[in-house]
>>> print(open('model_3.cif').read())   # mmCIF, C-alpha atoms
data_target
#
loop_
_atom_site.label_atom_id
_atom_site.label_comp_id
_atom_site.auth_asym_id
_atom_site.auth_seq_id
_atom_site.Cartn_x
_atom_site.Cartn_y
_atom_site.Cartn_z
CA MET A 5 6.48 3.80 3.86
CA SER A 6 6.44 4.31 7.57
CA GLY A 7 8.37 6.60 9.87
CA PRO A 8 9.92 5.57 13.17
CA SER A 9 7.65 3.32 15.20
CA SER A 10 6.19 4.37 18.53
CA VAL A 11 6.06 1.23 20.67
CA LYS A 12 7.32 0.47 24.15
CA ASP A 13 11.10 0.54 23.75
CA GLU A 14 11.97 -2.58 25.73
CA PRO A 15 15.01 -4.79 25.01
CA ILE A 16 14.47 -7.97 23.00
CA THR A 17 15.74 -10.96 24.95
CA ASP A 18 13.77 -13.80 23.36
CA LYS A 19 12.04 -14.56 20.04
CA ARG A 20 8.81 -15.13 21.94
CA GLN A 21 8.53 -11.37 22.45
CA LEU A 22 8.35 -10.94 18.67
CA VAL A 23 5.63 -13.56 18.37
CA ASN A 24 3.69 -12.00 21.24
CA TYR A 25 3.90 -8.59 19.58
CA ILE A 26 1.89 -9.85 16.59
CA GLU A 27 -0.39 -11.93 18.77
CA GLN A 28 -1.39 -8.81 20.70
CA GLY A 29 -3.10 -7.59 17.53
CA GLY A 30 -5.91 -10.10 17.93
CA LYS A 31 -9.20 -8.52 19.00
CA PRO A 32 -12.91 -9.41 19.16
CA GLU A 33 -14.98 -8.82 16.04
CA SER A 34 -16.76 -5.89 17.72
CA ASP A 35 -13.40 -4.08 17.80
CA TRP A 36 -12.37 -4.74 14.20
CA ARG A 37 -11.56 -1.55 12.36
CA ILE A 38 -10.67 -0.36 8.85
CA GLY A 39 -7.53 1.67 8.18
CA THR A 40 -7.13 2.99 4.63
CA GLU A 41 -3.93 4.44 3.18
CA HIS A 42 -3.47 6.09 -0.17
CA GLU A 43 -0.66 7.88 -2.00
CA LYS A 44 -0.81 10.45 -4.80
CA PHE A 45 1.56 12.35 -7.06
CA GLY A 46 1.92 16.10 -6.54
CA PHE A 47 2.83 18.31 -9.49
CA ARG A 48 3.09 21.98 -10.44
CA LEU A 49 0.15 23.06 -12.54
CA ASP A 50 2.23 25.25 -14.85
CA ASP A 51 4.80 22.68 -16.02
CA LEU A 52 3.56 19.35 -14.52
CA ARG A 53 6.87 18.80 -12.73
CA PRO A 54 6.89 16.85 -9.45
CA LEU A 55 7.08 18.81 -6.21
CA THR A 56 10.37 19.20 -4.39
CA TRP A 57 10.33 19.59 -0.62
CA GLU A 58 11.72 23.14 -0.82
CA GLY A 59 10.22 26.28 -2.32
CA GLU A 60 6.98 28.21 -2.43
CA GLN A 61 5.31 25.35 -4.30
CA GLY A 62 7.07 22.63 -2.32
CA ILE A 63 5.89 19.75 -0.18
CA GLY A 64 7.13 21.56 2.91
CA ALA A 65 4.87 24.53 2.16
CA LEU A 66 1.95 22.19 1.49
CA LEU A 67 2.42 20.42 4.83
CA GLU A 68 2.67 23.73 6.61
CA GLY A 69 -0.51 24.94 4.91
CA LEU A 70 -2.42 21.90 6.13
CA THR A 71 -1.71 22.75 9.75
CA ARG A 72 -4.59 25.27 9.56
CA PHE A 73 -6.90 22.23 9.70
CA GLY A 74 -5.59 21.08 13.05
CA TRP A 75 -2.77 18.81 11.89
CA GLN A 76 0.23 18.63 14.23
CA ARG A 77 3.76 18.90 12.84
CA VAL A 78 6.35 16.07 12.83
CA ILE A 79 9.90 17.38 12.46
CA GLU A 80 13.04 15.49 11.44
CA LYS A 81 16.29 17.48 11.58
CA ASP A 82 14.46 20.82 11.33
CA LYS A 83 12.38 19.64 8.35
CA LEU A 84 8.60 19.24 8.44
CA ILE A 85 8.15 15.70 7.14
CA ALA A 86 4.72 14.55 8.42
CA LEU A 87 1.48 15.56 10.15
CA LEU A 88 -0.67 13.90 12.82
CA ARG A 89 -4.34 14.31 13.73
CA GLU A 90 -6.80 12.14 15.65
CA GLY A 91 -5.31 8.74 14.81
CA ALA A 92 -4.44 9.65 11.21
CA SER A 93 -1.22 10.88 9.61
CA VAL A 94 0.01 12.57 6.47
CA THR A 95 3.42 11.29 5.43
CA LEU A 96 5.79 11.47 2.48
CA GLU A 97 7.05 8.71 0.24
CA PRO A 98 10.64 9.05 -1.01
CA ALA A 99 9.90 11.37 -3.97
CA GLY A 100 7.20 13.32 -2.18
CA GLN A 101 4.25 11.10 -2.99
CA PHE A 102 1.68 12.43 -0.56
CA GLU A 103 0.15 9.76 1.70
CA LEU A 104 -2.85 9.77 3.99
CA SER A 105 -2.74 6.99 6.59
CA GLY A 106 -6.29 7.04 7.82
CA ALA A 107 -7.55 6.51 11.34
CA PRO A 108 -9.00 3.10 12.33
CA LEU A 109 -12.70 3.45 11.44
CA GLU A 110 -15.79 1.29 11.86
CA ASN A 111 -17.23 1.31 8.33
CA ILE A 112 -16.60 2.33 4.74
CA HIS A 113 -18.96 5.30 4.95
CA GLN A 114 -16.59 6.80 7.52
CA THR A 115 -13.59 5.86 5.38
CA CYS A 116 -15.01 7.62 2.35
CA ALA A 117 -15.86 10.70 4.41
CA GLU A 118 -12.28 10.73 5.70
CA VAL A 119 -10.89 10.51 2.16
CA HIS A 120 -13.22 13.30 1.00
CA THR A 121 -12.21 15.57 3.89
CA HIS A 122 -8.51 14.94 3.27
CA LEU A 123 -8.71 15.63 -0.46
CA LYS A 124 -10.77 18.77 0.18
CA GLU A 125 -8.17 20.07 2.63
CA VAL A 126 -5.28 19.21 0.31
CA LYS A 127 -7.01 20.89 -2.64
CA ALA A 128 -7.64 24.06 -0.62
CA VAL A 129 -3.92 24.45 0.08
CA ALA A 130 -2.78 23.12 -3.30
CA ASP A 131 -4.92 25.63 -5.21
CA GLU A 132 -3.23 28.47 -3.32
CA LEU A 133 0.21 27.09 -4.21
CA GLY A 134 -0.57 26.37 -7.86
CA VAL A 135 -0.10 22.62 -7.53
CA GLY A 136 -2.30 19.59 -8.13
CA PHE A 137 -2.50 15.90 -7.34
CA LEU A 138 -2.93 12.81 -9.51
CA GLY A 139 -3.97 9.30 -8.47
CA MET A 140 -2.28 6.58 -10.55
CA GLY A 141 -0.03 3.62 -9.86
CA PHE A 142 3.06 4.97 -11.61
CA GLN A 143 4.36 8.42 -12.53
CA PRO A 144 3.28 8.65 -16.20
CA LYS A 145 5.63 11.35 -17.48
CA TRP A 146 8.81 12.01 -15.54
CA ARG A 147 11.98 9.92 -15.55
CA ARG A 148 13.60 8.48 -12.46
CA GLU A 149 16.30 11.15 -12.54
CA ASP A 150 13.63 13.87 -12.67
CA MET A 151 12.15 12.81 -9.35
CA PRO A 152 13.08 14.72 -6.17
CA TRP A 153 14.08 13.12 -2.86
CA MET A 154 12.53 13.96 0.47
CA PRO A 155 14.74 14.82 3.50
CA LYS A 156 14.11 11.61 5.46
CA GLY A 157 16.98 9.57 6.86
CA ARG A 158 15.62 6.11 6.13
CA TYR A 159 15.19 6.96 2.45
CA ALA A 160 18.86 7.87 2.06
CA ILE A 161 19.81 4.41 3.34
CA MET A 162 17.33 2.64 1.07
CA ARG A 163 18.43 4.74 -1.91
CA ARG A 164 21.98 3.44 -1.52
CA TYR A 165 20.95 -0.16 -0.93
CA MET A 166 18.19 -0.71 -3.52
CA PRO A 167 20.44 -0.88 -6.63
CA THR A 168 22.46 -3.69 -5.01
CA VAL A 169 19.48 -6.08 -4.85
CA GLY A 170 17.28 -5.22 -7.86
CA SER A 171 17.03 -3.00 -10.92
CA LEU A 172 13.65 -1.35 -10.19
CA GLY A 173 13.84 -0.54 -6.47
CA LEU A 174 14.50 3.15 -7.04
CA ASP A 175 11.49 3.31 -9.34
CA MET A 176 9.43 1.68 -6.60
CA MET A 177 10.57 4.35 -4.18
CA THR A 178 10.18 7.40 -6.38
CA ARG A 179 7.57 6.68 -9.05
CA THR A 180 4.85 4.44 -7.58
CA CYS A 181 1.64 5.11 -5.66
CA THR A 182 -0.75 2.64 -4.05
CA VAL A 183 -3.94 2.39 -2.04
CA GLN A 184 -4.15 -0.24 0.68
CA VAL A 185 -6.37 -1.24 3.57
CA ASN A 186 -5.38 -2.55 6.99
CA LEU A 187 -7.73 -5.06 8.59
CA ASP A 188 -7.94 -6.87 11.92
CA PHE A 189 -8.12 -10.52 12.96
CA SER A 190 -9.48 -12.15 16.09
CA ASP A 191 -6.82 -14.78 16.76
CA GLU A 192 -4.14 -16.86 15.05
CA ALA A 193 -6.55 -19.14 13.20
CA ASP A 194 -8.53 -16.15 11.91
CA MET A 195 -5.32 -14.44 10.83
CA VAL A 196 -4.18 -17.52 8.89
CA ARG A 197 -7.50 -17.87 7.08
CA LYS A 198 -7.61 -14.18 6.15
CA PHE A 199 -3.94 -14.13 5.16
CA ARG A 200 -4.29 -17.12 2.83
CA THR A 201 -7.54 -15.93 1.27
CA SER A 202 -6.37 -12.36 0.67
CA LEU A 203 -2.96 -13.43 -0.61
CA ALA A 204 -4.51 -15.78 -3.17
CA LEU A 205 -6.95 -13.05 -4.26
CA GLN A 206 -4.40 -10.23 -4.36
CA PRO A 207 -3.97 -10.52 -8.17
CA ILE A 208 -7.69 -9.76 -8.47
CA ALA A 209 -7.17 -6.43 -6.72
CA THR A 210 -4.14 -5.75 -8.92
CA ALA A 211 -6.25 -6.30 -12.04
CA LEU A 212 -9.27 -4.29 -10.86
CA PHE A 213 -7.09 -1.32 -9.88
CA ALA A 214 -4.52 -1.59 -12.70
CA ASP A 215 -3.70 2.02 -13.56
CA SER A 216 -0.05 2.40 -14.50
CA PRO A 217 0.36 1.91 -18.25
CA PHE A 218 2.85 4.73 -18.96
CA THR A 219 6.56 5.19 -18.32
CA ASP A 220 8.53 8.26 -19.39
CA GLY A 221 5.51 9.55 -21.32
CA LYS A 222 4.88 6.40 -23.38
CA PRO A 223 3.01 3.09 -23.02
CA ASN A 224 5.17 0.59 -21.15
CA GLY A 225 3.47 -2.64 -22.21
CA TYR A 226 1.86 -3.18 -18.81
CA LEU A 227 -1.48 -2.37 -17.24
CA SER A 228 -0.03 -2.31 -13.73
CA TYR A 229 3.61 -1.42 -14.13
CA ARG A 230 3.64 -0.65 -10.41
CA SER A 231 2.91 -4.30 -9.71
CA HIS A 232 5.59 -5.43 -12.15
CA ILE A 233 8.17 -3.24 -10.43
CA TRP A 234 7.87 -5.32 -7.26
CA THR A 235 9.13 -8.38 -9.17
CA ASP A 236 12.57 -6.76 -9.51
CA THR A 237 12.89 -4.67 -6.36
CA ASP A 238 14.32 -7.00 -3.72
CA PRO A 239 13.60 -10.75 -3.73
CA ASP A 240 14.39 -11.00 0.00
CA ARG A 241 11.37 -8.91 1.00
CA THR A 242 8.71 -9.17 -1.74
CA GLY A 243 6.44 -11.75 -3.33
CA MET A 244 3.60 -14.17 -2.67
CA LEU A 245 5.01 -15.87 0.47
CA ASP A 246 4.29 -19.48 -0.48
CA PHE A 247 4.96 -20.59 3.10
CA VAL A 248 1.71 -18.93 4.20
CA PHE A 249 -0.17 -21.83 2.58
CA GLU A 250 1.91 -24.54 4.25
CA ASP A 251 0.67 -26.60 7.18
CA GLY A 252 1.64 -25.10 10.51
CA PHE A 253 1.76 -21.50 9.35
CA GLY A 254 1.11 -18.99 12.11
CA TYR A 255 2.58 -16.08 14.02
CA GLU A 256 5.93 -17.77 14.69
CA ARG A 257 6.47 -18.79 11.07
CA TYR A 258 5.93 -15.19 9.97
CA VAL A 259 8.40 -14.01 12.62
CA ASP A 260 10.97 -16.48 11.25
CA TYR A 261 10.41 -15.01 7.78
CA LEU A 262 10.95 -11.48 9.06
CA LEU A 263 14.11 -12.49 10.91
CA ASP A 264 15.52 -13.61 7.56
CA VAL A 265 14.60 -10.34 5.81
CA PRO A 266 17.77 -8.20 5.71
CA MET A 267 17.65 -5.00 7.74
CA TYR A 268 17.73 -1.42 6.48
CA PHE A 269 18.45 0.61 9.62
CA SER A 270 18.12 1.12 13.35
CA TYR A 271 16.66 4.44 14.49
CA ARG A 272 18.11 5.49 17.85
CA ASP A 273 19.07 8.77 19.45
CA GLY A 274 17.37 10.58 16.59
CA VAL A 275 19.71 9.03 14.00
CA TYR A 276 19.12 6.42 11.30
CA HIS A 277 22.05 3.97 11.52
CA ASP A 278 22.74 2.25 8.20
CA LEU A 279 22.40 -1.52 8.68
CA ALA A 280 21.37 -2.32 5.11
CA GLY A 281 21.73 -6.00 4.33
CA GLN A 282 22.53 -6.95 7.93
CA SER A 283 20.88 -9.79 9.87
CA PHE A 284 18.32 -9.10 12.59
CA ARG A 285 19.28 -12.45 14.11
CA LYS A 286 22.87 -11.23 14.50
CA PHE A 287 21.54 -7.95 15.87
CA MET A 288 19.75 -9.95 18.60
CA ARG A 289 23.09 -11.54 19.47
CA GLY A 290 24.86 -8.17 19.57
CA GLU A 291 27.06 -9.10 16.61
CA LEU A 292 26.61 -6.14 14.23
CA ALA A 293 29.87 -4.38 13.42
CA ALA A 294 28.02 -1.13 12.70
CA LEU A 295 26.60 -1.09 16.25
CA PRO A 296 29.18 -2.99 18.33
CA GLY A 297 27.59 -4.80 21.24
CA ALA A 298 24.17 -3.19 20.68
CA THR A 299 21.07 -5.33 20.73
CA PRO A 300 17.62 -4.45 19.36
CA THR A 301 14.56 -3.15 21.16
CA MET A 302 10.92 -3.65 20.30
CA THR A 303 11.07 -0.32 18.48
CA ASP A 304 13.70 -1.82 16.17
CA TRP A 305 11.44 -4.80 15.59
CA ALA A 306 8.39 -2.66 14.81
CA ASP A 307 10.51 -0.63 12.36
CA HIS A 308 11.92 -3.78 10.78
CA MET A 309 8.42 -5.15 10.16
CA THR A 310 7.73 -2.15 7.90
CA THR A 311 10.67 -3.01 5.63
CA ALA A 312 9.19 -6.26 4.27
CA PHE A 313 7.03 -5.68 1.18
CA PRO A 314 5.05 -8.85 0.35
CA GLU A 315 1.68 -8.71 -1.41
CA VAL A 316 0.02 -9.05 2.00
CA ARG A 317 1.90 -7.89 5.09
CA LEU A 318 1.32 -8.91 8.69
CA LYS A 319 1.91 -6.55 11.60
CA LYS A 320 -0.65 -6.39 14.40
CA TYR A 321 -3.11 -6.39 11.51
CA LEU A 322 -3.10 -7.46 7.86
CA GLU A 323 -2.25 -5.03 5.05
CA MET A 324 -3.63 -5.56 1.52
CA ARG A 325 -0.89 -4.21 -0.77
CA GLY A 326 -1.80 -5.22 -4.35
CA ALA A 327 -3.55 -2.15 -5.79
CA ASP A 328 -2.47 0.85 -7.85
CA GLY A 329 -3.43 4.31 -6.66
CA GLY A 330 -6.40 5.92 -8.36
CA PRO A 331 -9.22 8.48 -8.20
CA TRP A 332 -11.18 9.08 -5.02
CA ASN A 333 -14.04 6.64 -5.71
CA ARG A 334 -11.59 3.75 -6.09
CA LEU A 335 -9.94 4.83 -2.84
CA CYS A 336 -13.25 3.91 -1.18
CA ALA A 337 -13.71 0.79 -3.32
CA LEU A 338 -10.50 -0.92 -2.22
CA PRO A 339 -11.37 -1.14 1.51
CA ALA A 340 -14.96 -2.05 0.59
CA PHE A 341 -13.74 -4.96 -1.55
CA TRP A 342 -11.60 -6.46 1.20
CA VAL A 343 -13.95 -5.74 4.10
CA GLY A 344 -16.74 -7.49 2.22
CA LEU A 345 -14.55 -10.54 1.68
CA LEU A 346 -12.88 -10.78 5.08
CA TYR A 347 -15.15 -9.23 7.75
CA ASP A 348 -18.20 -11.46 7.28
CA THR A 349 -17.90 -15.16 8.18
CA ALA A 350 -20.01 -16.50 5.32
CA ALA A 351 -18.21 -14.29 2.81
CA LEU A 352 -14.80 -15.36 4.10
CA ASP A 353 -15.84 -19.00 3.80
CA ALA A 354 -17.03 -18.41 0.24
CA ALA A 355 -13.87 -16.49 -0.68
CA TRP A 356 -11.68 -19.27 0.67
CA ASP A 357 -13.72 -21.85 -1.26
CA LEU A 358 -13.02 -19.80 -4.39
CA VAL A 359 -9.25 -20.04 -4.02
CA LYS A 360 -8.45 -22.99 -1.75
CA ASP A 361 -7.63 -25.34 -4.64
CA PHE A 362 -5.29 -22.89 -6.38
CA THR A 363 -1.90 -24.53 -6.69
CA ARG A 364 1.33 -22.79 -5.78
CA GLU A 365 2.15 -22.57 -9.48
CA GLU A 366 -1.24 -21.04 -10.29
CA ARG A 367 -0.98 -18.43 -7.53
CA ASN A 368 2.40 -17.32 -8.76
CA ALA A 369 1.36 -17.40 -12.41
CA LEU A 370 -1.55 -15.09 -11.57
CA ARG A 371 0.71 -12.72 -9.68
CA ASP A 372 3.30 -12.67 -12.47
CA GLY A 373 0.82 -12.42 -15.34
CA VAL A 374 -1.68 -9.88 -14.08
CA PRO A 375 0.57 -6.78 -14.36
CA LYS A 376 0.61 -7.19 -18.14
CA HIS A 377 -2.75 -8.80 -18.90
CA GLY A 378 -5.09 -7.62 -16.15
CA LEU A 379 -8.58 -9.13 -16.20
CA LYS A 380 -7.89 -10.82 -19.54
CA LEU A 381 -5.18 -13.07 -18.09
CA PRO A 382 -6.05 -16.68 -19.01
CA PHE A 383 -6.86 -18.87 -16.03
CA ARG A 384 -7.98 -22.48 -16.23
CA LYS A 385 -10.90 -22.58 -18.69
CA GLY A 386 -11.54 -18.84 -18.65
CA THR A 387 -9.85 -15.63 -17.58
CA LEU A 388 -9.11 -13.79 -14.37
CA ARG A 389 -12.26 -11.78 -15.02
CA ASP A 390 -14.31 -14.85 -14.06
CA ILE A 391 -12.65 -15.01 -10.64
CA ALA A 392 -12.98 -11.24 -10.21
CA THR A 393 -16.71 -11.44 -10.97
CA GLU A 394 -17.23 -14.10 -8.31
CA ALA A 395 -15.05 -12.26 -5.78
CA LEU A 396 -17.10 -9.08 -6.23
CA LYS A 397 -20.34 -10.99 -5.73
CA ILE A 398 -18.99 -12.51 -2.52
CA SER A 399 -17.75 -9.11 -1.33
CA ALA A 400 -21.11 -7.46 -2.05
CA ASN A 401 -22.91 -10.19 -0.11
CA GLY A 402 -20.50 -9.72 2.78
CA LEU A 403 -21.06 -5.97 2.85
CA ARG A 404 -24.83 -6.38 2.71
CA ALA A 405 -24.66 -8.89 5.56
CA ARG A 406 -22.66 -6.39 7.65
CA ALA A 407 -25.56 -3.97 7.15
CA ARG A 408 -23.55 -0.87 7.99
CA LYS A 409 -25.81 1.82 6.52
CA ASN A 410 -25.44 5.56 6.05
CA TRP A 411 -28.04 8.17 6.95
CA GLU A 412 -29.91 7.40 3.71
CA GLY A 413 -30.15 3.69 4.57
CA VAL A 414 -27.58 2.63 1.95
CA ASP A 415 -25.15 -0.15 2.89
CA GLU A 416 -21.44 -0.35 2.10
CA SER A 417 -21.89 -2.41 -1.09
CA ILE A 418 -22.50 0.87 -2.93
CA PHE A 419 -18.76 1.48 -2.86
CA LEU A 420 -18.13 -1.55 -5.10
CA THR A 421 -19.87 0.16 -8.04
CA PRO A 422 -16.65 1.36 -9.77
CA LEU A 423 -15.20 -2.18 -9.61
CA ILE A 424 -18.39 -3.81 -10.91
CA GLU A 425 -18.33 -1.39 -13.87
CA ILE A 426 -14.71 -2.32 -14.59
CA VAL A 427 -15.49 -6.05 -14.59
CA GLU A 428 -18.64 -5.67 -16.67
CA ALA A 429 -16.74 -3.66 -19.30
CA ASN A 430 -13.76 -6.05 -19.05
CA GLU A 431 -11.60 -2.93 -19.25
CA THR A 432 -9.16 -1.83 -16.57
CA PRO A 433 -8.50 1.84 -15.79
CA ALA A 434 -5.15 1.44 -17.55
CA GLU A 435 -6.83 0.26 -20.75
CA ARG A 436 -9.16 3.25 -20.65
CA LYS A 437 -6.20 5.60 -20.39
CA LEU A 438 -4.40 3.81 -23.22
CA ALA A 439 -7.47 4.31 -25.43
CA LEU A 440 -7.40 8.03 -24.63
CA TYR A 441 -3.65 8.17 -25.31
CA ASN A 442 -4.10 6.55 -28.72
CA GLY A 443 -7.15 8.70 -29.49
CA ARG A 444 -8.11 12.07 -28.14
CA TRP A 445 -4.82 12.67 -26.31
CA ASN A 446 -2.86 12.32 -29.58
CA HIS A 447 -0.09 10.17 -28.07
CA SER A 448 0.62 12.50 -25.15
CA VAL A 449 0.31 11.74 -21.43
CA ASP A 450 0.10 15.41 -20.47
CA PRO A 451 -3.75 15.47 -20.55
CA VAL A 452 -3.87 12.88 -17.76
CA PHE A 453 -2.71 15.53 -15.28
CA ARG A 454 -5.63 17.76 -16.19
CA GLU A 455 -8.40 15.24 -16.77
CA PHE A 456 -7.64 13.07 -13.72
CA LEU A 457 -6.69 15.84 -11.32
CA TYR A 458 -8.09 15.32 -7.83
#
>>> encode(input="model_3.cif", output="structure tokens")
Amino acid sequence: MSGPSSVKDEPITDKRQLVNYIEQGGKPESDWRIGTEHEKFGFRLDDLRPLTWEGEQGIGALLEGLTRFGWQRVIEKDKLIALLREGASVTLEPAGQFELSGAPLENIHQTCAEVHTHLKEVKAVADELGVGFLGMGFQPKWRREDMPWMPKGRYAIMRRYMPTVGSLGLDMMTRTCTVQVNLDFSDEADMVRKFRTSLALQPIATALFADSPFTDGKPNGYLSYRSHIWTDTDPDRTGMLDFVFEDGFGYERYVDYLLDVPMYFSYRDGVYHDLAGQSFRKFMRGELAALPGATPTMTDWADHMTTAFPEVRLKKYLEMRGADGGPWNRLCALPAFWVGLLYDTAALDAAWDLVKDFTREERNALRDGVPKHGLKLPFRKGTLRDIATEALKISANGLRARARKNWEGVDESIFLTPLIEIVEANETPAERKLALYNGRWNHSVDPVFREFLY
């Protein structure tokens, strides 16, 4: 989740400003970039407990330790809550899930190098503190009440509001981790095509990256429990956005959707003002009782855009949000998968051909069924694995056509290898962990912290 936005703080006087804000994201193909974000669970090596912000083994100490690598501190009310460096940031999710928001990069080789550098730096400090990090989609051992809360104002507001709109919102905040990639578009038509294609294919990513089969130390009946959690978090700001596939969809239609998403807060004068459940439309008319007479600025709008959580999210770029967190090689695989599908014209055409005849009912059935069944989810005359196999072939062709090679002459398709292995075995990461749980781990999740430590 994001911190306060840094955009030009001009007053909003007309809806057209909001449309223009998104439109400004369009850029020529030569300027398209790749921004990868991933979250991970921190824990103490001695007792596996999650990290609080305070203390010698705390998140605050970890952030401070990372400043030796040139990261600049971000302070909120005297607390170190984030770091910045060369277009990238390290931020905290509500329970201290540690997130790298990578810089906009030109190819997946650079992305993977960035991930490697980050994990190396984190491990250097973590080893000194006696802590470790785990990449999975859901906290496998600790209960909701065992999870700490980070000292960030927006999270206090969301913590109060979440239980009023869904039963799993607090689990989403405190016990989930994801990996996502942010990708560019050239203009409105390109955005629409990429949005529709990636939204229809998002269940494929959920299946390939499914890695959250445990809750409170036991199997939970799902392969991606993280994905399931979003179905009961907040119906006003989640889901498959069926309107994206309707005729006439574009920037303005997405703005209308966001204007109907209830607010969380307004950040002004260094304070998060609780506006949970309030209407941004009323805010534009100066009709909010909590801020009498106040009207929003573009900073408020940029912040508000971060509080919608659909499977694909539009800002000045598109965010692919369907995947569970995982080990470092899958952190490189996720951006490779989507770049291959969306950044080559022939691949994008082929990907759209793969999904363009999916009905609304089929798209939603895939989204609702994949958290439990993964690649084995029945679809038409086969299973989701069949679609995943074709999507990976298209992605690999797209990456080869891009021909972005490393110093050894290897193109970006190499990063799809972990996903190809998953499809060929017809076994998700979650199913592999369940086999270990029922076998060598002797019905304990504790070994996952040791065997899958970053």
>>> closest_residue(input="model_3.cif", among="A:Leu109, A:Val135, A:Val94, A:Met195", to="A:Val316", atoms="all atoms listed in the file")
A:Met195
>>> atom_distance(input="model_3.cif", atom1="atom CA of A:Ile391", atom2="atom CA of A:Cys116")
26.2 Å
>>> resolve_selection(input="model_3.cif", expression="the PyMOL selection byres ((chain A and resi 445-451) around 8)", output="list in words")
Leu52, Pro144, Lys145, Phe218, Gly221, Lys222, Leu440, Tyr441, Asn442, Gly443, Arg444, Val452, Phe453, Arg454 and Glu455 of chain A
>>> closest_residue(input="model_3.cif", among="A:Pro98, A:Pro108, A:Pro15, A:Gly378", to="A:Leu187", atoms="all atoms listed in the file")
A:Pro108
>>> residues_around(input="model_3.cif", residues="A:Gly62", least_positions_apart="2", cutoff="12 Å", atoms="only C-alpha atoms", output="mmCIF file with C-alpha atoms, in the coordinates of the input")
data_model
loop_
_atom_site.group_PDB
_atom_site.id
_atom_site.type_symbol
_atom_site.label_atom_id
_atom_site.label_comp_id
_atom_site.auth_asym_id
_atom_site.auth_seq_id
_atom_site.Cartn_x
_atom_site.Cartn_y
_atom_site.Cartn_z
ATOM 1 C CA GLY A 46 1.920 16.100 -6.540
ATOM 2 C CA PHE A 47 2.830 18.310 -9.490
ATOM 3 C CA ARG A 48 3.090 21.980 -10.440
ATOM 4 C CA ARG A 53 6.870 18.800 -12.730
ATOM 5 C CA PRO A 54 6.890 16.850 -9.450
ATOM 6 C CA LEU A 55 7.080 18.810 -6.210
ATOM 7 C CA THR A 56 10.370 19.200 -4.390
ATOM 8 C CA TRP A 57 10.330 19.590 -0.620
ATOM 9 C CA GLU A 58 11.720 23.140 -0.820
ATOM 10 C CA GLY A 59 10.220 26.280 -2.320
ATOM 11 C CA GLU A 60 6.980 28.210 -2.430
ATOM 12 C CA GLY A 64 7.130 21.560 2.910
ATOM 13 C CA ALA A 65 4.870 24.530 2.160
ATOM 14 C CA LEU A 66 1.950 22.190 1.490
ATOM 15 C CA LEU A 67 2.420 20.420 4.830
ATOM 16 C CA GLU A 68 2.670 23.730 6.610
ATOM 17 C CA GLY A 69 -0.510 24.940 4.910
ATOM 18 C CA LEU A 84 8.600 19.240 8.440
ATOM 19 C CA ILE A 85 8.150 15.700 7.140
ATOM 20 C CA ALA A 99 9.900 11.370 -3.970
ATOM 21 C CA GLY A 100 7.200 13.320 -2.180
ATOM 22 C CA GLN A 101 4.250 11.100 -2.990
ATOM 23 C CA PHE A 102 1.680 12.430 -0.560
ATOM 24 C CA VAL A 129 -3.920 24.450 0.080
ATOM 25 C CA ALA A 130 -2.780 23.120 -3.300
ATOM 26 C CA GLU A 132 -3.230 28.470 -3.320
ATOM 27 C CA LEU A 133 0.210 27.090 -4.210
ATOM 28 C CA GLY A 134 -0.570 26.370 -7.860
ATOM 29 C CA VAL A 135 -0.100 22.620 -7.530
ATOM 30 C CA GLY A 136 -2.300 19.590 -8.130
ATOM 31 C CA PRO A 152 13.080 14.720 -6.170
ATOM 32 C CA TRP A 153 14.080 13.120 -2.860
ATOM 33 C CA MET A 154 12.530 13.960 0.470
#
>>> axis_aligned_box(input="model_3.cif", around="stretch 45-54 of chain A", padding_each_side="5 Å", output="JSON")
{"center_x": 3.5, "center_y": 18.8, "center_z": -11.3, "size_x": 16.7, "size_y": 22.9, "size_z": 19.5}
>>> resolve_selection(input="model_3.cif", expression="the PyMOL selection byres ((chain A and resi 283-300) around 6)", output="list in words")
Ile16, Leu263, Pro266, Gln282, Thr301 and Asp304 of chain A
>>> write_last_selection(input="model_3.cif", atoms="C-alpha atoms", output="PDB file, in the frame of the given file")
ATOM      1  CA  ILE A  16      14.470  -7.970  23.000  1.00  0.00           C
ATOM      2  CA  LEU A 263      14.110 -12.490  10.910  1.00  0.00           C
ATOM      3  CA  PRO A 266      17.770  -8.200   5.710  1.00  0.00           C
ATOM      4  CA  GLN A 282      22.530  -6.950   7.930  1.00  0.00           C
ATOM      5  CA  THR A 301      14.560  -3.150  21.160  1.00  0.00           C
ATOM      6  CA  ASP A 304      13.700  -1.820  16.170  1.00  0.00           C
TER       7      ASP A 304
END
>>> resolve_selection(input="model_3.cif", expression="the PyMOL selection byres ((chain A and resi 164-168) around 12)", output="JSON, numbers by chain")
{"A": [157, 158, 159, 160, 161, 162, 163, 169, 170, 171, 172, 173, 174, 175, 176, 177, 178, 234, 236, 237, 238, 239, 240, 241, 266, 267, 268, 269, 278, 279, 280, 281, 282]}
